[in-house]
Structure formats: C-alpha cells, structure tokens
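Below: the structure, in structure tokens.
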Amino acid sequence: MLDNNYYVYKKEVDWSVLQQGVSIPVTIQVVFQNTINKFLPRGKSKDIYLVLEGLTYKARLVNQKFDERKYPNRKDILQIRYHPQSEIAERLRSIFAASYRYILEQRNSLPENQRKFIKVPEEIKEYLAIYTTEYPDTYLLECITQEDTRIIKETMVHEDEQEYEASINYNTVDPNATIAAVNQIVKIRKLNRAIGESLKLLYNYRCQICGENISARYGVNVVESHHINPFVESLNNNSENQVIICPNHHRIIHRARPVFDRRKLIFVYHNGVEERIILNRHLQ
Ligand SMILES: [Zn+2]
Ligand SMILES: [Zn+2]
C-alpha cells in the first residue's frame, strides 16, 4: 500500500487546519517536491482532491509567490487551501473535535493579536497526515486523533523498541498487535514508515554517521531509521526524532546505548567514544 503513497507532511492540528488549510514546508519531502516542481510553478495554483475516510473533497494547491530577490535560497511554499465553510473543513472540525474545542475556548479568552499563537498542549495534540496517491492531483488525508494516541500509548507499553523499529524499516508484522488497536497501529506505523522512507531518500540511503551506503556495491539499499527518543516511550515519529543509519551503527547504538547530544549532534558512548552526525539535512 505504501508503495503508492508517498509522504507529504505531518501537520499538528491548529486553527489553520480547521479553517483554511495547511502550509507544507518542502524540506524532507523529496518525492513530493520533485513532482510538484514539475507541475506547479511558483505563483500558480490548481484544483486538487483530498480523500478522507473514503470520501473525496475539493481543495486548491497553491505554490505561493514570493520575492525571489529578497529570498534567493527559499524553497517553494506550498499550501493546500480550502474555505472555512467547505465540506472538508467541516469534516476536519468534527474529527478533530477535541482540538477544535480547546482552540475555540482559548480564542474566546484571548485578545485578537494573541490568537494565532495558540498551541494545543502536548498531551492532547492531534495530527493530520498527508500522502500522495497514484493519481497526480489526489491526496490522501489521515487523521491521528487524541483517541488514536491514547490507544497507541496503551499498546506501545508492551512493545520492544527494536522490534517496533524493525516492523517500520522492514515492514515485518508486529507480534504484539491486538485486534482492538489494529487500525491505530496500522495508521501510525504507516506514517512512521513514510517519514523514515522519506528521510532515507533525502540521504540517498547513506548512513548519517559514517556517510556511506555500504550496501550499494551489492546492488541494494539497506539503511534504517532510528528514533532518538525511543518511539515506544515517546510516541514521537517526527522527522526530528529520527536519524538514518546503517544496520551496523543501529545494532551498536541499541546495544551500547550512547547518549545523543542534540546540540552538537554527537553520540557519546559510555566508554568515552564520540561519533558525530556527519550528514545532516533535517536535524536542527
Ligand atoms: Zn554507519
Ligand atoms: Zn533504533
């Protein structure tokens, strides 16, 4: 299924998602960027279709114009836009009712100039995942609600990090998946895998620590995504919590459990050895 669905973006639900659309920063989304650049020049927009829970909704895709002399290195700013009264906006408000309620309450208690800074607290955050489909102007939306996160949290307590990561990297079956949580597991694993695969492409299957793709000489690409803060504990599949490393480094890291210094981008091992991330295009 994932072979046809490339990752576009994982967006935290905010007022904009519930009212008018999503801005997509084109950073790690290599495939999306390549297709879009070919078909939608800067300053142009086009009709697109959004598929959500099996139903299709109309929206616009905009490649925003900006002053290229002022921002010569800026990448395209793409936006999926819809009207606040459109069916898709209404559907999203109903699915993300918890976020909608929270933001509405906050908005009512804040002066207008502070409203755009409203952030949903970490514990109750919800997400919208966007994927391409086999049809060029059709995008698949998947909602990750508070309830999904609650169910996943319960399931992940019993999960082993290495087994979970293997299930993402190699699409193996999750031994602990219970029937009740299967939809949530599939949905979140798909997103996790899509973000990981997108990062692998970004690094052209090279290890961020050794800088090599040692598998390439055998005609294959074997590289893995590792979660800096274990996913089974953090439930964090954001790209900033993933590094792309070779299987050797991955095994060693799980066995030796180095500390990751996020500021210096260095793994510090308990015997004093330090290893730096030498390829970095997505960690800040
Ligand atoms: Zn390596
Ligand atoms: Zn790992």
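Starting from 1 in every chain, residues are counted up; chains themselves are A, B, ... following the order of the structure tokens, and ligands are numbered from 1 as listed.
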Notebook entry, point to check: Which residues, written as a ChimeraX atom specification, have at least one atom at most 10 Å from Leu40 of chain A, with only C-alpha atoms counted and residues fewer than 6 positions away on the same chain left out?
Noted result: /A:46,61-63,78
Note to self: Please return, as an NGL selection string, all residues of segment 1-201 of chain A that DSSP assigns to strand (DSSP E) on the basis of the backbone.
What the structure shows: :A and (7-12 or 21-25 or 45-52 or 55-63 or 77-81 or 127-132 or 138-144)
Can you write just those residues out, C-alpha atoms, as an mmCIF file, in the first residue's frame?
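Below you can see again.cif, which holds the result:
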data_model
loop_
_atom_site.group_PDB
_atom_site.id
_atom_site.type_symbol
_atom_site.label_atom_id
_atom_site.label_comp_id
_atom_site.auth_asym_id
_atom_site.auth_seq_id
_atom_site.Cartn_x
_atom_site.Cartn_y
_atom_site.Cartn_z
ATOM 1 C CA TYR A 7 4.753 11.019 2.478
ATOM 2 C CA VAL A 8 3.909 14.661 2.052
ATOM 3 C CA TYR A 9 3.555 16.083 5.519
ATOM 4 C CA LYS A 10 2.559 15.504 9.111
ATOM 5 C CA LYS A 11 0.831 18.591 10.460
ATOM 6 C CA GLU A 12 -0.053 19.368 14.031
ATOM 7 C CA GLY A 21 -5.621 24.763 5.013
ATOM 8 C CA VAL A 22 -2.053 23.614 5.531
ATOM 9 C CA SER A 23 1.285 25.135 4.541
ATOM 10 C CA ILE A 24 3.741 22.454 3.518
ATOM 11 C CA PRO A 25 7.396 23.294 4.096
ATOM 12 C CA SER A 45 -2.449 27.153 -8.141
ATOM 13 C CA LYS A 46 -4.664 24.267 -9.179
ATOM 14 C CA ASP A 47 -7.646 22.176 -8.124
ATOM 15 C CA ILE A 48 -6.841 19.080 -6.134
ATOM 16 C CA TYR A 49 -8.827 16.321 -4.473
ATOM 17 C CA LEU A 50 -8.491 15.271 -0.865
ATOM 18 C CA VAL A 51 -9.570 11.776 0.123
ATOM 19 C CA LEU A 52 -10.574 11.396 3.733
ATOM 20 C CA LEU A 55 -14.828 10.363 0.610
ATOM 21 C CA THR A 56 -13.407 12.880 -1.856
ATOM 22 C CA TYR A 57 -13.344 16.636 -1.257
ATOM 23 C CA LYS A 58 -12.237 19.522 -3.452
ATOM 24 C CA ALA A 59 -9.436 21.907 -2.465
ATOM 25 C CA ARG A 60 -6.684 24.038 -4.062
ATOM 26 C CA LEU A 61 -2.966 23.559 -4.143
ATOM 27 C CA VAL A 62 -1.081 26.870 -4.204
ATOM 28 C CA ASN A 63 2.590 27.428 -4.909
ATOM 29 C CA ILE A 77 5.991 27.378 -0.179
ATOM 30 C CA LEU A 78 3.108 25.077 -0.981
ATOM 31 C CA GLN A 79 -0.307 25.354 0.555
ATOM 32 C CA ILE A 80 -3.379 23.189 0.494
ATOM 33 C CA ARG A 81 -6.274 25.657 0.754
ATOM 34 C CA TYR A 127 -2.207 15.351 13.696
ATOM 35 C CA LEU A 128 -3.144 15.370 10.057
ATOM 36 C CA ALA A 129 -1.042 13.123 7.816
ATOM 37 C CA ILE A 130 -0.956 13.875 4.085
ATOM 38 C CA TYR A 131 0.134 11.416 1.392
ATOM 39 C CA THR A 132 0.272 11.428 -2.380
ATOM 40 C CA THR A 138 -5.338 13.462 -5.400
ATOM 41 C CA TYR A 139 -4.027 13.406 -1.857
ATOM 42 C CA LEU A 140 -4.897 11.056 0.949
ATOM 43 C CA LEU A 141 -5.581 12.539 4.390
ATOM 44 C CA GLU A 142 -5.356 10.530 7.582
ATOM 45 C CA CYS A 143 -6.315 11.886 10.970
ATOM 46 C CA ILE A 144 -4.487 10.928 14.134
#
What are the closest atom pairs, with distances in Å to one decimal, for all residues of segment 157-254 of chain A lying within 12 Å of segment 120-125 of chain A? Consider only C-alpha atoms, order rows by chain and residue number, and present the result as a Markdown table.
| residue | atom | partner | partner_atom | distance |
| --- | --- | --- | --- | --- |
| A:Ser234 | CA | A:Glu123 | CA | 11.2 |
| A:Leu235 | CA | A:Glu123 | CA | 11.1 |
| A:Asn236 | CA | A:Glu122 | CA | 10.9 |
Could you list, as a compact mmCIF listing (two decimals) with all heavy atoms, in the first residue's frame, all protein and nucleic acid residues with an atom at most 8 Å from ligand 2, counting only C-alpha atoms and all ligand atoms?
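The file below, out13.txt, is the result:
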# COMPACT_ATOMS: atom_id res chain seq x y z
N GLU A 161 11.36 -1.78 21.51
CA GLU A 161 11.73 -0.72 20.56
C GLU A 161 12.36 -1.29 19.28
O GLU A 161 12.02 -0.89 18.18
CB GLU A 161 12.68 0.28 21.23
CG GLU A 161 13.19 1.39 20.32
CD GLU A 161 12.15 2.47 19.98
OE1 GLU A 161 11.02 2.40 20.51
OE2 GLU A 161 12.46 3.38 19.19
N GLN A 162 13.30 -2.24 19.46
CA GLN A 162 13.98 -2.78 18.27
C GLN A 162 13.02 -3.53 17.36
O GLN A 162 13.10 -3.43 16.14
CB GLN A 162 15.13 -3.69 18.68
CG GLN A 162 16.46 -2.93 18.70
CD GLN A 162 17.60 -3.82 19.11
OE1 GLN A 162 17.66 -4.24 20.26
NE2 GLN A 162 18.50 -4.10 18.18
N GLU A 165 10.88 -0.91 15.60
CA GLU A 165 11.62 -0.25 14.52
C GLU A 165 11.80 -1.19 13.32
O GLU A 165 11.72 -0.75 12.17
CB GLU A 165 12.98 0.25 15.01
CG GLU A 165 12.85 1.51 15.87
CD GLU A 165 14.19 2.13 16.19
OE1 GLU A 165 15.18 1.38 16.32
OE2 GLU A 165 14.25 3.36 16.31
N SER A 225 15.98 3.51 9.88
CA SER A 225 15.62 4.70 10.62
C SER A 225 15.63 4.37 12.11
O SER A 225 15.09 3.35 12.53
CB SER A 225 14.23 5.14 10.18
OG SER A 225 13.57 5.74 11.25
N HIS A 226 16.29 5.22 12.89
CA HIS A 226 16.37 5.01 14.33
C HIS A 226 15.73 6.21 15.04
O HIS A 226 15.93 7.35 14.63
CB HIS A 226 17.84 4.88 14.75
CG HIS A 226 18.07 4.97 16.22
ND1 HIS A 226 17.62 4.01 17.10
CD2 HIS A 226 18.66 5.94 16.99
CE1 HIS A 226 17.95 4.37 18.35
NE2 HIS A 226 18.58 5.53 18.30
N HIS A 227 14.95 5.92 16.08
CA HIS A 227 14.31 7.00 16.86
C HIS A 227 15.24 7.42 17.98
O HIS A 227 15.62 6.60 18.81
CB HIS A 227 12.98 6.53 17.43
CG HIS A 227 11.97 6.23 16.37
ND1 HIS A 227 12.03 5.08 15.62
CD2 HIS A 227 10.91 6.94 15.92
CE1 HIS A 227 11.03 5.10 14.75
NE2 HIS A 227 10.33 6.21 14.91
N ILE A 228 15.57 8.70 18.03
CA ILE A 228 16.49 9.20 19.04
C ILE A 228 15.88 9.01 20.45
O ILE A 228 16.51 8.43 21.32
CB ILE A 228 16.84 10.69 18.79
CG1 ILE A 228 17.54 10.81 17.42
CG2 ILE A 228 17.72 11.24 19.89
CD1 ILE A 228 17.62 12.24 16.88
N PRO A 230 13.23 6.78 22.15
CA PRO A 230 12.53 5.57 21.71
C PRO A 230 11.05 5.84 21.43
O PRO A 230 10.37 6.45 22.24
CB PRO A 230 12.69 4.62 22.91
CG PRO A 230 13.94 5.08 23.58
CD PRO A 230 14.03 6.56 23.37
N HIS A 250 23.19 0.93 13.80
CA HIS A 250 21.91 0.77 14.51
C HIS A 250 22.02 -0.28 15.62
O HIS A 250 21.63 -0.06 16.75
CB HIS A 250 20.81 0.42 13.51
CG HIS A 250 19.44 0.74 14.01
ND1 HIS A 250 18.31 0.51 13.29
CD2 HIS A 250 19.02 1.29 15.19
CE1 HIS A 250 17.25 0.90 13.99
NE2 HIS A 250 17.66 1.37 15.15
N ARG A 251 22.61 -1.45 15.27
CA ARG A 251 22.78 -2.51 16.27
C ARG A 251 23.64 -2.02 17.43
O ARG A 251 23.36 -2.26 18.60
CB ARG A 251 23.46 -3.73 15.64
CG ARG A 251 22.57 -4.58 14.80
CD ARG A 251 21.57 -5.32 15.69
NE ARG A 251 20.60 -6.04 14.89
CZ ARG A 251 20.78 -7.30 14.47
NH1 ARG A 251 21.86 -7.96 14.81
NH2 ARG A 251 19.87 -7.90 13.72
N ILE A 253 24.20 1.02 18.46
CA ILE A 253 23.54 2.03 19.28
C ILE A 253 22.54 1.40 20.26
O ILE A 253 22.49 1.76 21.43
CB ILE A 253 22.87 3.10 18.38
CG1 ILE A 253 23.95 4.04 17.85
CG2 ILE A 253 21.79 3.87 19.12
CD1 ILE A 253 23.48 5.04 16.82
N HIS A 254 21.81 0.38 19.78
CA HIS A 254 20.86 -0.25 20.70
C HIS A 254 21.57 -1.06 21.77
O HIS A 254 21.10 -1.15 22.91
CB HIS A 254 19.86 -1.12 19.94
CG HIS A 254 18.73 -0.30 19.37
ND1 HIS A 254 17.58 -0.05 20.07
CD2 HIS A 254 18.61 0.37 18.21
CE1 HIS A 254 16.79 0.73 19.34
NE2 HIS A 254 17.39 1.00 18.20
Check: Quick one: residues within 12 Å of segment 147-158 of chain A, only C-alpha atoms counted, chain neighbours fewer than 5 positions away excluded, as a VMD selection string?
Finding: chain A and resid 95 to 99 122 to 127 142 163 to 165 174 to 189 230 to 236
Note to self: List as a PyMOL selection string the protein and nucleic acid residues lying within 12 Å of ligand 1, with only C-alpha atoms and all ligand atoms counted.
What the structure shows: chain A and resi 205-215+222-226+243-253+275-279
Saved selection, atoms kept: C-alpha atoms, as a PDB file, in the first residue's frame:
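The resulting file, part.pdb, is reproduced below:
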ATOM      1  CA  TYR A 205      20.391   5.716   1.610  1.00  0.00           C
ATOM      2  CA  ARG A 206      23.622   6.811   3.253  1.00  0.00           C
ATOM      3  CA  CYS A 207      24.291   6.486   6.999  1.00  0.00           C
ATOM      4  CA  GLN A 208      24.252   9.856   8.746  1.00  0.00           C
ATOM      5  CA  ILE A 209      27.138   8.719  10.964  1.00  0.00           C
ATOM      6  CA  CYS A 210      29.524   7.017   8.510  1.00  0.00           C
ATOM      7  CA  GLY A 211      28.308   8.914   5.474  1.00  0.00           C
ATOM      8  CA  GLU A 212      28.305   5.704   3.405  1.00  0.00           C
ATOM      9  CA  ASN A 213      25.848   3.384   1.764  1.00  0.00           C
ATOM     10  CA  ILE A 214      27.877   0.190   2.157  1.00  0.00           C
ATOM     11  CA  SER A 215      25.057  -1.898   0.710  1.00  0.00           C
ATOM     12  CA  VAL A 222      19.932  -1.302   3.284  1.00  0.00           C
ATOM     13  CA  VAL A 223      19.673   1.550   5.717  1.00  0.00           C
ATOM     14  CA  GLU A 224      17.489   2.049   8.775  1.00  0.00           C
ATOM     15  CA  SER A 225      15.615   4.700  10.617  1.00  0.00           C
ATOM     16  CA  HIS A 226      16.372   5.010  14.333  1.00  0.00           C
ATOM     17  CA  VAL A 243      18.150   9.509  12.212  1.00  0.00           C
ATOM     18  CA  ILE A 244      19.069   7.421   9.192  1.00  0.00           C
ATOM     19  CA  ILE A 245      21.868   4.987   9.973  1.00  0.00           C
ATOM     20  CA  CYS A 246      23.413   1.808   8.626  1.00  0.00           C
ATOM     21  CA  PRO A 247      22.445  -1.538  10.232  1.00  0.00           C
ATOM     22  CA  ASN A 248      25.864  -1.771  11.963  1.00  0.00           C
ATOM     23  CA  HIS A 249      25.512   1.555  13.667  1.00  0.00           C
ATOM     24  CA  HIS A 250      21.914   0.772  14.511  1.00  0.00           C
ATOM     25  CA  ARG A 251      22.785  -2.509  16.271  1.00  0.00           C
ATOM     26  CA  ILE A 252      25.661  -0.869  18.099  1.00  0.00           C
ATOM     27  CA  ILE A 253      23.537   2.035  19.285  1.00  0.00           C
ATOM     28  CA  GLU A 275      30.597   9.804  16.987  1.00  0.00           C
ATOM     29  CA  ARG A 276      29.314  12.759  15.096  1.00  0.00           C
ATOM     30  CA  ILE A 277      26.415  13.011  12.672  1.00  0.00           C
ATOM     31  CA  ILE A 278      28.355  13.957   9.552  1.00  0.00           C
ATOM     32  CA  LEU A 279      25.420  14.109   7.154  1.00  0.00           C
TER      33      LEU A 279
END
Margin query: Taking the DSSP secondary structure from the backbone, can you list the residues of segment 110-231 of chain A that are helix (DSSP H, G or I), as a PyMOL selection string?
Written below: chain A and resi 112-117+122-124+146-156+161-169+179-202+214-218+231
Item checked: Residue with smallest distance to Ile168 of chain A - pool A:Asn237, A:Arg101, A:Arg217, A:Gly54, counting only C-alpha atoms -> A:Asn237
